[in-house]
>>> print(open('coords_38.tsv').read())   # TSV, C-alpha atoms
chain	number	residue	atom	x	y	z
A	1	MET	CA	77.57	79.35	56.22
A	2	ALA	CA	79.40	82.12	54.41
A	3	ARG	CA	81.87	82.15	57.30
A	4	SER	CA	83.22	78.74	56.33
A	5	ARG	CA	84.84	80.17	53.20
A	6	LEU	CA	87.72	81.50	55.32
A	7	THR	CA	90.41	79.13	56.54
A	8	PRO	CA	90.48	78.78	60.34
A	9	GLU	CA	93.95	80.40	60.32
A	10	ARG	CA	92.69	83.41	58.37
A	11	GLU	CA	89.64	83.70	60.61
A	12	ALA	CA	91.86	83.62	63.74
A	13	GLU	CA	94.11	86.29	62.22
A	14	LEU	CA	91.10	88.53	61.55
A	15	TYR	CA	89.73	88.09	65.07
A	16	GLU	CA	93.13	88.88	66.60
A	17	ALA	CA	93.31	92.09	64.55
A	18	VAL	CA	89.80	93.08	65.68
A	19	LEU	CA	90.73	92.57	69.35
A	20	ASP	CA	93.98	94.53	68.91
A	21	LEU	CA	92.02	97.43	67.40
A	22	LEU	CA	89.39	97.20	70.12
A	23	ARG	CA	92.07	97.54	72.81
A	24	GLU	CA	93.77	100.38	70.94
A	25	VAL	CA	90.81	102.61	70.07
A	26	GLY	CA	87.71	101.21	71.82
A	27	TYR	CA	84.46	100.05	70.26
A	28	ASP	CA	83.02	103.39	69.22
A	29	ALA	CA	86.14	104.45	67.30
A	30	LEU	CA	86.66	101.01	65.74
A	31	THR	CA	85.62	101.10	62.08
A	32	MET	CA	85.14	98.36	59.51
A	33	ASP	CA	87.53	100.42	57.34
A	34	ALA	CA	90.26	100.11	59.97
A	35	VAL	CA	89.65	96.36	60.28
A	36	ALA	CA	89.80	96.00	56.48
A	37	THR	CA	93.07	97.96	56.27
A	38	ARG	CA	94.70	96.16	59.19
A	39	THR	CA	93.77	92.74	57.82
A	40	ARG	CA	94.24	93.53	54.14
A	41	SER	CA	90.68	92.48	53.35
A	42	SER	CA	87.77	94.32	51.74
A	43	LYS	CA	84.99	95.91	53.73
A	44	ALA	CA	82.51	94.03	51.51
A	45	THR	CA	84.06	90.74	52.63
A	46	LEU	CA	83.81	91.72	56.28
A	47	TYR	CA	80.14	92.66	55.98
A	48	ARG	CA	79.37	89.53	53.95
A	49	GLN	CA	81.00	87.29	56.56
A	50	TRP	CA	79.82	89.00	59.73
A	51	GLY	CA	76.92	91.27	58.88
A	52	SER	CA	77.80	94.03	61.33
A	53	LYS	CA	80.56	95.49	63.46
A	54	ALA	CA	78.72	94.30	66.58
A	55	GLU	CA	78.65	90.69	65.38
A	56	LEU	CA	82.29	90.78	64.22
A	57	VAL	CA	83.39	92.07	67.63
A	58	ALA	CA	81.27	89.56	69.55
A	59	ARG	CA	82.62	86.65	67.44
A	60	ALA	CA	86.19	87.88	67.89
A	61	LEU	CA	85.67	87.93	71.67
A	62	ARG	CA	84.13	84.46	71.58
A	63	HIS	CA	87.06	83.17	69.54
A	64	ASN	CA	89.33	84.50	72.31
A	65	LYS	CA	87.67	82.00	74.71
A	66	PRO	CA	88.10	78.70	72.90
A	67	VAL	CA	87.48	76.34	75.83
A	68	SER	CA	83.93	75.93	76.98
A	69	LEU	CA	83.66	76.17	80.76
A	70	ALA	CA	81.31	73.18	80.72
A	71	GLU	CA	84.21	70.97	79.57
A	72	ILE	CA	86.04	71.62	82.83
A	73	ASP	CA	85.21	68.83	85.27
A	74	SER	CA	87.76	68.33	88.01
A	75	GLY	CA	85.37	66.71	90.49
A	76	SER	CA	85.02	69.70	92.85
A	77	LEU	CA	83.76	73.25	92.45
A	78	ARG	CA	86.94	74.73	93.86
A	79	GLY	CA	88.95	72.59	91.43
A	80	ASP	CA	86.74	73.67	88.50
A	81	PHE	CA	87.08	77.38	89.36
A	82	HIS	CA	90.84	77.15	89.71
A	83	ALA	CA	91.04	75.17	86.46
A	84	MET	CA	89.15	78.05	84.77
A	85	LEU	CA	91.86	80.44	85.98
A	86	GLU	CA	94.58	78.22	84.57
A	87	LEU	CA	93.11	78.67	81.07
A	88	THR	CA	94.40	82.25	80.95
A	89	ASP	CA	97.86	83.59	81.75
A	90	ASP	CA	98.39	86.87	83.68
A	91	CYS	CA	99.20	88.86	80.56
A	92	GLN	CA	96.07	87.67	78.73
A	93	MET	CA	94.02	88.35	81.87
A	94	GLU	CA	95.09	91.97	82.00
A	95	LYS	CA	94.21	92.36	78.33
A	96	ASP	CA	90.79	90.77	78.93
A	97	SER	CA	90.17	93.10	81.84
A	98	ALA	CA	90.92	96.19	79.73
A	99	LEU	CA	88.59	94.91	76.99
A	100	MET	CA	85.83	94.28	79.52
A	101	ARG	CA	86.04	97.78	80.95
A	102	GLY	CA	85.83	99.27	77.47
A	103	LEU	CA	82.89	97.08	76.49
A	104	ALA	CA	80.94	97.71	79.71
A	105	HIS	CA	80.86	101.33	78.60
A	106	ALA	CA	80.25	100.75	74.88
A	107	VAL	CA	77.20	98.50	75.35
A	108	HIS	CA	75.50	101.38	77.12
A	109	ASN	CA	75.29	103.33	73.85
A	110	ASN	CA	75.14	100.38	71.45
A	111	PRO	CA	72.13	98.14	71.95
A	112	GLU	CA	73.15	96.10	68.90
A	113	LEU	CA	76.52	95.34	70.51
A	114	LEU	CA	74.85	94.31	73.76
A	115	GLN	CA	72.51	92.02	71.85
A	116	ALA	CA	75.41	90.39	69.94
A	117	LEU	CA	77.50	90.03	73.10
A	118	ARG	CA	74.57	88.44	74.93
A	119	GLU	CA	73.94	85.87	72.20
A	120	LEU	CA	77.50	85.04	71.24
A	121	LEU	CA	79.50	85.55	74.42
A	122	ILE	CA	77.56	86.11	77.63
A	123	GLU	CA	74.95	83.36	77.16
A	124	PRO	CA	77.42	80.64	76.13
A	125	GLU	CA	79.70	81.56	79.06
A	126	MET	CA	76.74	81.67	81.45
A	127	THR	CA	75.58	78.29	80.18
A	128	GLY	CA	79.04	76.87	80.79
A	129	LEU	CA	79.18	78.39	84.25
A	130	ASP	CA	75.66	77.11	85.00
A	131	GLU	CA	76.80	73.64	84.01
A	132	VAL	CA	79.80	73.82	86.37
A	133	LEU	CA	77.51	75.05	89.18
A	134	ARG	CA	74.83	72.43	88.39
A	135	ARG	CA	77.38	69.66	88.79
A	136	ALA	CA	78.39	71.14	92.18
A	137	VAL	CA	74.71	71.10	93.22
A	138	ASP	CA	74.40	67.48	92.01
A	139	ARG	CA	77.48	66.52	94.04
A	140	GLY	CA	75.86	68.16	97.08
A	141	GLU	CA	78.52	70.89	97.37
A	142	ILE	CA	75.97	73.71	96.96
A	143	SER	CA	72.39	73.79	98.16
A	144	ALA	CA	70.07	73.96	95.13
A	145	ASP	CA	68.22	76.96	96.59
A	146	ASN	CA	71.33	79.02	97.44
A	147	PRO	CA	70.46	82.53	96.14
A	148	ALA	CA	74.15	83.19	95.31
A	149	LEU	CA	73.98	80.59	92.50
A	150	ARG	CA	72.62	83.15	90.04
A	151	LEU	CA	75.01	85.87	91.23
A	152	VAL	CA	78.35	84.24	90.43
A	153	PRO	CA	78.83	86.22	87.20
A	154	HIS	CA	78.26	89.47	89.13
A	155	MET	CA	80.88	88.54	91.71
A	156	LEU	CA	83.42	87.65	89.01
A	157	ILE	CA	82.77	90.78	86.94
A	158	GLY	CA	83.24	92.86	90.11
A	159	ALA	CA	86.66	91.34	90.68
A	160	PHE	CA	87.71	92.15	87.12
A	161	ILE	CA	86.41	95.72	87.08
A	162	ALA	CA	87.17	96.84	90.64
A	163	ARG	CA	90.74	95.61	91.06
A	164	PRO	CA	92.40	98.16	88.69
A	165	LEU	CA	89.98	100.88	89.76
A	166	ILE	CA	90.41	100.59	93.51
A	167	GLU	CA	93.86	99.17	93.96
A	168	ASP	CA	95.59	100.34	90.80
A	169	GLN	CA	96.67	96.74	90.31
A	170	PRO	CA	96.07	94.49	87.33
A	171	VAL	CA	93.83	91.46	87.67
A	172	ASP	CA	96.08	88.43	88.00
A	173	HIS	CA	95.95	84.79	89.12
A	174	ALA	CA	96.96	85.51	92.70
A	175	PHE	CA	94.18	88.08	93.12
A	176	LEU	CA	91.45	86.05	91.39
A	177	SER	CA	92.43	82.89	93.19
A	178	GLY	CA	92.15	84.72	96.54
A	179	TYR	CA	88.84	86.26	95.48
A	180	LEU	CA	87.39	82.85	94.58
A	181	ASP	CA	88.37	81.47	97.99
A	182	ALA	CA	87.36	84.55	100.02
A	183	VAL	CA	84.15	85.58	98.24
A	184	VAL	CA	82.71	83.23	95.62
A	185	LEU	CA	83.06	79.88	97.40
A	186	PRO	CA	81.91	81.17	100.85
A	187	ALA	CA	78.88	82.90	99.26
A	188	LEU	CA	78.01	79.54	97.70
A	189	GLY	CA	78.45	77.87	101.09
A	190	VAL	CA	81.39	75.77	99.83
B	1	MET	CA	89.90	128.37	99.66
B	2	ALA	CA	88.82	129.95	96.41
B	3	ARG	CA	85.88	127.52	96.38
B	4	SER	CA	84.22	129.27	99.30
B	5	ARG	CA	83.42	132.30	97.15
B	6	LEU	CA	80.46	130.40	95.66
B	7	THR	CA	77.27	130.05	97.67
B	8	PRO	CA	76.45	126.44	98.55
B	9	GLU	CA	73.33	126.70	96.35
B	10	ARG	CA	75.37	127.87	93.36
B	11	GLU	CA	77.96	125.18	93.95
B	12	ALA	CA	75.25	122.51	94.10
B	13	GLU	CA	73.73	123.86	90.86
B	14	LEU	CA	77.11	123.66	89.12
B	15	TYR	CA	77.73	120.09	90.33
B	16	GLU	CA	74.28	118.99	89.17
B	17	ALA	CA	74.97	120.44	85.71
B	18	VAL	CA	78.32	118.63	85.54
B	19	LEU	CA	76.67	115.30	86.41
B	20	ASP	CA	73.91	115.88	83.85
B	21	LEU	CA	76.52	116.54	81.16
B	22	LEU	CA	78.54	113.52	82.26
B	23	ARG	CA	75.51	111.27	81.84
B	24	GLU	CA	74.62	112.84	78.50
B	25	VAL	CA	77.99	112.85	76.74
B	26	GLY	CA	80.47	110.93	78.92
B	27	TYR	CA	83.74	112.12	80.41
B	28	ASP	CA	85.83	112.34	77.25
B	29	ALA	CA	83.32	114.50	75.39
B	30	LEU	CA	82.57	116.70	78.40
B	31	THR	CA	84.28	120.09	77.94
B	32	MET	CA	84.78	122.99	80.34
B	33	ASP	CA	83.16	125.11	77.58
B	34	ALA	CA	79.98	123.02	77.79
B	35	VAL	CA	79.94	123.29	81.59
B	36	ALA	CA	80.44	127.07	81.35
B	37	THR	CA	77.61	127.44	78.82
B	38	ARG	CA	75.20	125.15	80.71
B	39	THR	CA	75.82	126.95	84.02
B	40	ARG	CA	76.16	130.47	82.64
B	41	SER	CA	79.62	130.88	84.15
B	42	SER	CA	83.01	131.67	82.63
B	43	LYS	CA	85.60	129.03	81.90
B	44	ALA	CA	88.12	131.15	83.83
B	45	THR	CA	85.92	130.88	86.93
B	46	LEU	CA	85.63	127.11	86.56
B	47	TYR	CA	89.40	126.66	86.26
B	48	ARG	CA	90.04	129.08	89.15
B	49	GLN	CA	87.65	127.19	91.43
B	50	TRP	CA	88.46	123.62	90.44
B	51	GLY	CA	91.80	123.62	88.63
B	52	SER	CA	90.91	120.87	86.14
B	53	LYS	CA	88.07	118.95	84.53
B	54	ALA	CA	89.12	115.86	86.49
B	55	GLU	CA	88.84	117.63	89.84
B	56	LEU	CA	85.53	119.31	88.93
B	57	VAL	CA	84.04	115.93	87.96
B	58	ALA	CA	85.37	114.19	91.09
B	59	ARG	CA	84.00	116.95	93.35
B	60	ALA	CA	80.63	116.83	91.58
B	61	LEU	CA	80.46	113.08	92.18
B	62	ARG	CA	81.45	113.52	95.83
B	63	HIS	CA	78.77	116.20	96.24
B	64	ASN	CA	76.29	113.61	94.95
B	65	LYS	CA	77.06	111.45	98.05
B	66	PRO	CA	76.45	113.83	100.92
B	67	VAL	CA	76.14	111.29	103.74
B	68	SER	CA	79.32	109.70	104.98
B	69	LEU	CA	78.95	105.93	105.35
B	70	ALA	CA	80.79	106.13	108.68
B	71	GLU	CA	77.84	108.06	110.13
B	72	ILE	CA	75.57	105.06	109.64
B	73	ASP	CA	75.52	103.04	112.84
B	74	SER	CA	72.46	100.85	113.26
B	75	GLY	CA	74.09	98.34	115.62
B	76	SER	CA	74.46	95.48	113.14
B	77	LEU	CA	76.31	95.04	109.85
B	78	ARG	CA	73.18	93.93	108.05
B	79	GLY	CA	71.35	96.98	109.41
B	80	ASP	CA	74.17	99.30	108.31
B	81	PHE	CA	74.26	97.86	104.78
B	82	HIS	CA	70.52	98.14	104.39
B	83	ALA	CA	70.60	101.70	105.79
B	84	MET	CA	73.17	102.55	103.09
B	85	LEU	CA	70.72	101.36	100.45
B	86	GLU	CA	67.98	103.54	101.92
B	87	LEU	CA	70.12	106.65	101.24
B	88	THR	CA	69.45	106.33	97.51
B	89	ASP	CA	66.15	105.85	95.71
B	90	ASP	CA	65.80	103.50	92.70
B	91	CYS	CA	65.86	106.32	90.18
B	92	GLN	CA	69.06	107.81	91.62
B	93	MET	CA	70.58	104.35	91.80
B	94	GLU	CA	70.06	103.75	88.08
B	95	LYS	CA	71.65	107.12	87.33
B	96	ASP	CA	74.63	106.30	89.57
B	97	SER	CA	75.04	102.96	87.86
B	98	ALA	CA	75.16	104.59	84.41
B	99	LEU	CA	77.72	107.12	85.66
B	100	MET	CA	79.85	104.37	87.13
B	101	ARG	CA	79.91	102.38	83.90
B	102	GLY	CA	80.98	105.48	81.97
B	103	LEU	CA	83.68	106.37	84.48
B	104	ALA	CA	85.09	102.83	84.70
B	105	HIS	CA	85.92	103.25	81.03
B	106	ALA	CA	87.09	106.89	81.16
B	107	VAL	CA	89.64	106.36	83.95
B	108	HIS	CA	91.42	103.87	81.73
B	109	ASN	CA	92.52	106.67	79.38
B	110	ASN	CA	92.64	109.51	81.93
B	111	PRO	CA	95.14	108.95	84.75
B	112	GLU	CA	94.37	112.43	86.09
B	113	LEU	CA	90.69	111.51	86.46
B	114	LEU	CA	91.56	108.25	88.23
B	115	GLN	CA	93.84	110.17	90.61
B	116	ALA	CA	91.11	112.75	91.39
B	117	LEU	CA	88.45	110.05	91.82
B	118	ARG	CA	90.74	108.09	94.16
B	119	GLU	CA	91.44	111.10	96.38
B	120	LEU	CA	88.02	112.73	96.40
B	121	LEU	CA	85.59	109.86	96.02
B	122	ILE	CA	86.98	106.33	96.28
B	123	GLU	CA	89.18	106.87	99.37
B	124	PRO	CA	86.54	108.71	101.44
B	125	GLU	CA	83.95	106.05	100.54
B	126	MET	CA	86.40	103.26	101.33
B	127	THR	CA	87.26	104.90	104.64
B	128	GLY	CA	83.56	105.08	105.51
B	129	LEU	CA	83.03	101.47	104.49
B	130	ASP	CA	86.12	100.42	106.48
B	131	GLU	CA	84.65	102.15	109.52
B	132	VAL	CA	81.34	100.27	109.13
B	133	LEU	CA	83.25	96.98	108.75
B	134	ARG	CA	85.60	97.79	111.67
B	135	ARG	CA	82.61	98.26	113.98
B	136	ALA	CA	81.26	94.87	112.84
B	137	VAL	CA	84.63	93.30	113.66
B	138	ASP	CA	84.59	95.03	117.07
B	139	ARG	CA	81.10	93.69	117.76
B	140	GLY	CA	82.36	90.20	116.89
B	141	GLU	CA	80.16	89.87	113.79
B	142	ILE	CA	83.13	89.40	111.45
B	143	SER	CA	86.41	87.66	112.18
B	144	ALA	CA	89.24	90.24	112.00
B	145	ASP	CA	91.23	88.02	109.63
B	146	ASN	CA	88.38	87.31	107.18
B	147	PRO	CA	89.99	87.83	103.73
B	148	ALA	CA	86.66	89.09	102.30
B	149	LEU	CA	86.92	92.25	104.47
B	150	ARG	CA	89.07	94.02	101.88
B	151	LEU	CA	86.97	92.74	98.96
B	152	VAL	CA	83.61	94.30	99.84
B	153	PRO	CA	84.04	97.19	97.35
B	154	HIS	CA	84.75	94.68	94.57
B	155	MET	CA	81.59	92.71	95.39
B	156	LEU	CA	79.48	95.89	95.40
B	157	ILE	CA	80.96	97.27	92.18
B	158	GLY	CA	80.25	93.90	90.54
B	159	ALA	CA	76.59	94.14	91.48
B	160	PHE	CA	76.34	97.63	89.98
B	161	ILE	CA	78.14	96.86	86.74
B	162	ALA	CA	76.94	93.32	86.02
B	163	ARG	CA	73.20	93.66	86.62
B	164	PRO	CA	72.45	95.79	83.51
B	165	LEU	CA	75.02	93.90	81.44
B	166	ILE	CA	73.87	90.36	82.19
B	167	GLU	CA	70.22	90.68	83.03
B	168	ASP	CA	69.28	93.83	81.12
B	169	GLN	CA	67.76	95.10	84.37
B	170	PRO	CA	68.54	98.29	86.23
B	171	VAL	CA	70.20	98.15	89.63
B	172	ASP	CA	67.48	98.68	92.24
B	173	HIS	CA	66.86	98.19	95.95
B	174	ALA	CA	65.34	94.74	95.57
B	175	PHE	CA	68.35	93.46	93.64
B	176	LEU	CA	71.02	95.06	95.85
B	177	SER	CA	69.25	94.00	99.00
B	178	GLY	CA	69.19	90.39	97.75
B	179	TYR	CA	72.84	90.65	96.70
B	180	LEU	CA	73.90	91.88	100.15
B	181	ASP	CA	72.11	88.96	101.80
B	182	ALA	CA	73.19	86.30	99.28
B	183	VAL	CA	76.78	87.36	98.61
B	184	VAL	CA	78.30	90.09	100.78
B	185	LEU	CA	77.13	88.99	104.23
B	186	PRO	CA	77.81	85.24	103.66
B	187	ALA	CA	81.31	86.01	102.30
B	188	LEU	CA	81.93	87.97	105.51
B	189	GLY	CA	80.61	85.03	107.54
B	190	VAL	CA	77.65	87.07	108.87
>>> encode(input="coords_38.tsv", output="structure tokens")
Amino acid sequence: MARSRLTPEREAELYEAVLDLLREVGYDALTMDAVATRTRSSKATLYRQWGSKAELVARALRHNKPVSLAEIDSGSLRGDFHAMLELTDDCQMEKDSALMRGLAHAVHNNPELLQALRELLIEPEMTGLDEVLRRAVDRGEISADNPALRLVPHMLIGAFIARPLIEDQPVDHAFLSGYLDAVVLPALGV
Amino acid sequence: MARSRLTPEREAELYEAVLDLLREVGYDALTMDAVATRTRSSKATLYRQWGSKAELVARALRHNKPVSLAEIDSGSLRGDFHAMLELTDDCQMEKDSALMRGLAHAVHNNPELLQALRELLIEPEMTGLDEVLRRAVDRGEISADNPALRLVPHMLIGAFIARPLIEDQPVDHAFLSGYLDAVVLPALGV
């Protein structure tokens, strides 16, 4: 893969710069020129390595989530969910929440971005989450036909988007931890 | 109030035009000039009647929701929730969902819009929802100390935002109805 020509350190540096720009100006105003300037690289290099702005952004977001959810295996669903929370500190969580709000809007006008996010970010995360939920079904914690099983991502996205909107409060561990216990686990019958 | 100088028909026409523009171009690109042109009114009139773009947009959104949730009283929480769904047809629901995605992004950069939405839209809706939930508590359907009581808006917003993002499907009655039964009511212990 062309991508392998970069050192992992350089790749991480590029992804960080992309996420910084994304938070500063949003997806629509983010240009490959700005990424090239910020990272002292050439636009040709960026396009050769990533093909498109959509793919670069999706890979940067994926890089931001280095641990696969499927690797978490504490022995209980509640333990797995709370272990997921521990992967991110409050400051990072607020940053993620701002990114998510921006992207929820941008995908509406950018089908290519939605496609890249689905393939590179949403599907791997969903697969990891499915794995965590499947183990809970296998352990007998959740009934295999519980209709809330396929709605966990919706519940979690709601917590992230609605908290700043409704309560003017950032998403943090205390809130998400309470939300898991009050909403997600009861809906799953745990 | 200055607002009363417009006929209700004219006011409704103006609000419809604002919502159309909002869906077409988004909040940031929506100008009072465009509203004036589209509605054949003067910018001076718009500012005199509504004071600011943020207030005009918030009032247009509120106008879009003419029935107060508190007026719904079917005798059971499940009945009330499903009656809420019946207020909106699938086509309107998809339009609302697109608006909501756009606004969730716009409020991030427009504190004045967030303030206007809170006062004119979010708080009245939350008050109506609280009333529906309070009656369910009074009937003994929900325990008064259930922590999910204050998280219902988050669950509902999640359904609206996540469905198009994750499943590439519009929000419709069938989905929301299933979500209420699989997530919201079980979290409330109903």
>>> interface_residues(input="coords_38.tsv", of="chain B", to="chain A", cutoff="9 Å", atoms="only C-alpha atoms", output="short mmCIF file (atom, residue, chain, number, x, y, z; two decimals) with C-alpha atoms, keeping the file's coordinate frame")
data_model
loop_
_atom_site.label_atom_id
_atom_site.label_comp_id
_atom_site.auth_asym_id
_atom_site.auth_seq_id
_atom_site.Cartn_x
_atom_site.Cartn_y
_atom_site.Cartn_z
CA ALA B 98 75.16 104.59 84.41
CA ARG B 101 79.91 102.38 83.90
CA GLY B 102 80.98 105.48 81.97
CA LEU B 103 83.68 106.37 84.48
CA ALA B 104 85.09 102.83 84.70
CA HIS B 105 85.92 103.25 81.03
CA ALA B 106 87.09 106.89 81.16
CA VAL B 107 89.64 106.36 83.95
CA HIS B 108 91.42 103.87 81.73
CA LEU B 114 91.56 108.25 88.23
CA ARG B 118 90.74 108.09 94.16
CA ILE B 122 86.98 106.33 96.28
CA GLU B 123 89.18 106.87 99.37
CA ASN B 146 88.38 87.31 107.18
CA PRO B 147 89.99 87.83 103.73
CA ALA B 148 86.66 89.09 102.30
CA LEU B 149 86.92 92.25 104.47
CA LEU B 151 86.97 92.74 98.96
CA VAL B 152 83.61 94.30 99.84
CA PRO B 153 84.04 97.19 97.35
CA HIS B 154 84.75 94.68 94.57
CA MET B 155 81.59 92.71 95.39
CA LEU B 156 79.48 95.89 95.40
CA ILE B 157 80.96 97.27 92.18
CA GLY B 158 80.25 93.90 90.54
CA ALA B 159 76.59 94.14 91.48
CA PHE B 160 76.34 97.63 89.98
CA ILE B 161 78.14 96.86 86.74
CA ALA B 162 76.94 93.32 86.02
CA ARG B 163 73.20 93.66 86.62
CA LEU B 165 75.02 93.90 81.44
CA ILE B 166 73.87 90.36 82.19
CA GLY B 178 69.19 90.39 97.75
CA TYR B 179 72.84 90.65 96.70
CA ASP B 181 72.11 88.96 101.80
CA ALA B 182 73.19 86.30 99.28
CA VAL B 183 76.78 87.36 98.61
CA VAL B 184 78.30 90.09 100.78
CA LEU B 185 77.13 88.99 104.23
CA PRO B 186 77.81 85.24 103.66
CA ALA B 187 81.31 86.01 102.30
CA LEU B 188 81.93 87.97 105.51
CA GLY B 189 80.61 85.03 107.54
#
>>> residues_around(input="coords_38.tsv", residues="B:Gln92", least_positions_apart="5", cutoff="10 Å", atoms="all atoms listed in the file", output="PDB file with C-alpha atoms, in the coordinates of the input")
ATOM      1  CA  ASN B  64      76.290 113.610  94.950  1.00  0.00           C
ATOM      2  CA  LEU B  87      70.120 106.650 101.240  1.00  0.00           C
ATOM      3  CA  SER B  97      75.040 102.960  87.860  1.00  0.00           C
ATOM      4  CA  ALA B  98      75.160 104.590  84.410  1.00  0.00           C
ATOM      5  CA  VAL B 171      70.200  98.150  89.630  1.00  0.00           C
ATOM      6  CA  ASP B 172      67.480  98.680  92.240  1.00  0.00           C
TER       7      ASP B 172
END
>>> residues_near_point(input="coords_38.tsv", point="(84.7, 127.8, 91.9)", cutoff="10 Å", atoms="only C-alpha atoms", output="PyMOL selection string")
chain B and resi 1-7+10-11+14+41+44-51+56
>>> closest_residue(input="coords_38.tsv", among="B:Leu133, B:Val18, B:Ala144, B:Ala174", to="B:Arg78", atoms="all atoms listed in the file")
B:Leu133
>>> residues_around(input="coords_38.tsv", residues="A:Glu16", least_positions_apart="5", cutoff="12 Å", atoms="all atoms listed in the file", output="list in words")
Glu9, Arg10, Glu11, Leu21, Leu22, Arg23, Val35, Arg38, Thr39, Leu56, Val57, Arg59, Ala60, Leu61, Arg62, His63, Asn64 and Lys65 of chain A
>>> closest_residue(input="coords_38.tsv", among="A:Glu119, A:Glu94, A:Asp145, A:Asp130", to="A:His173", atoms="all atoms listed in the file")
A:Glu94
>>> atom_distance(input="coords_38.tsv", atom1="atom CA of B:Glu112", atom2="atom CA of B:Glu131")
27.4 Å
>>> atom_distance(input="coords_38.tsv", atom1="atom CA of B:Lys53", atom2="atom CA of B:Ala36")
11.6 Å
>>> closest_residue(input="coords_38.tsv", among="A:Ala12, A:Ala54, A:Ala116, A:Val132", to="A:Ala83", atoms="all atoms listed in the file")
A:Val132
>>> atom_distance(input="coords_38.tsv", atom1="atom CA of A:Asp28", atom2="atom CA of A:Ser42")
20.3 Å
>>> decode(input="coords_38.tsv", residues="stretch 70-82 of chain B", atoms="N, CA, C and O atoms", output="PDB file, in the first residue's frame")
ATOM      1  N   ALA B  70     -48.340  18.505  25.823  1.00  0.00           N
ATOM      2  CA  ALA B  70     -49.083  18.381  27.079  1.00  0.00           C
ATOM      3  C   ALA B  70     -50.576  18.133  26.829  1.00  0.00           C
ATOM      4  O   ALA B  70     -51.275  17.595  27.682  1.00  0.00           O
ATOM      5  N   GLU B  71     -51.048  18.524  25.645  1.00  0.00           N
ATOM      6  CA  GLU B  71     -52.475  18.328  25.333  1.00  0.00           C
ATOM      7  C   GLU B  71     -52.813  16.865  25.030  1.00  0.00           C
ATOM      8  O   GLU B  71     -53.974  16.483  25.026  1.00  0.00           O
ATOM      9  N   ILE B  72     -51.778  16.084  24.725  1.00  0.00           N
ATOM     10  CA  ILE B  72     -52.019  14.671  24.440  1.00  0.00           C
ATOM     11  C   ILE B  72     -52.246  13.952  25.764  1.00  0.00           C
ATOM     12  O   ILE B  72     -51.424  14.043  26.665  1.00  0.00           O
ATOM     13  N   ASP B  73     -53.354  13.261  25.888  1.00  0.00           N
ATOM     14  CA  ASP B  73     -53.640  12.560  27.142  1.00  0.00           C
ATOM     15  C   ASP B  73     -54.523  11.353  26.850  1.00  0.00           C
ATOM     16  O   ASP B  73     -55.743  11.397  26.967  1.00  0.00           O
ATOM     17  N   SER B  74     -53.874  10.256  26.457  1.00  0.00           N
ATOM     18  CA  SER B  74     -54.615   9.075  26.024  1.00  0.00           C
ATOM     19  C   SER B  74     -54.923   8.143  27.189  1.00  0.00           C
ATOM     20  O   SER B  74     -55.645   7.171  27.021  1.00  0.00           O
ATOM     21  N   GLY B  75     -54.308   8.382  28.345  1.00  0.00           N
ATOM     22  CA  GLY B  75     -54.550   7.509  29.495  1.00  0.00           C
ATOM     23  C   GLY B  75     -53.430   6.528  29.773  1.00  0.00           C
ATOM     24  O   GLY B  75     -53.416   5.876  30.811  1.00  0.00           O
ATOM     25  N   SER B  76     -52.480   6.391  28.833  1.00  0.00           N
ATOM     26  CA  SER B  76     -51.304   5.556  29.109  1.00  0.00           C
ATOM     27  C   SER B  76     -50.089   6.188  28.442  1.00  0.00           C
ATOM     28  O   SER B  76     -50.218   6.904  27.447  1.00  0.00           O
ATOM     29  N   LEU B  77     -48.905   5.912  28.980  1.00  0.00           N
ATOM     30  CA  LEU B  77     -47.697   6.514  28.410  1.00  0.00           C
ATOM     31  C   LEU B  77     -47.465   6.017  26.993  1.00  0.00           C
ATOM     32  O   LEU B  77     -47.155   6.786  26.088  1.00  0.00           O
ATOM     33  N   ARG B  78     -47.648   4.720  26.801  1.00  0.00           N
ATOM     34  CA  ARG B  78     -47.456   4.166  25.463  1.00  0.00           C
ATOM     35  C   ARG B  78     -48.429   4.818  24.476  1.00  0.00           C
ATOM     36  O   ARG B  78     -48.064   5.186  23.362  1.00  0.00           O
ATOM     37  N   GLY B  79     -49.680   4.998  24.902  1.00  0.00           N
ATOM     38  CA  GLY B  79     -50.674   5.662  24.059  1.00  0.00           C
ATOM     39  C   GLY B  79     -50.271   7.096  23.745  1.00  0.00           C
ATOM     40  O   GLY B  79     -50.394   7.554  22.606  1.00  0.00           O
ATOM     41  N   ASP B  80     -49.772   7.814  24.758  1.00  0.00           N
ATOM     42  CA  ASP B  80     -49.361   9.205  24.540  1.00  0.00           C
ATOM     43  C   ASP B  80     -48.195   9.290  23.540  1.00  0.00           C
ATOM     44  O   ASP B  80     -48.198  10.122  22.644  1.00  0.00           O
ATOM     45  N   PHE B  81     -47.199   8.421  23.718  1.00  0.00           N
ATOM     46  CA  PHE B  81     -46.053   8.439  22.805  1.00  0.00           C
ATOM     47  C   PHE B  81     -46.498   8.147  21.371  1.00  0.00           C
ATOM     48  O   PHE B  81     -46.077   8.804  20.425  1.00  0.00           O
ATOM     49  N   HIS B  82     -47.348   7.135  21.228  1.00  0.00           N
ATOM     50  CA  HIS B  82     -47.769   6.793  19.873  1.00  0.00           C
ATOM     51  C   HIS B  82     -48.674   7.882  19.285  1.00  0.00           C
ATOM     52  O   HIS B  82     -48.614   8.150  18.086  1.00  0.00           O
TER      53      HIS B  82
END
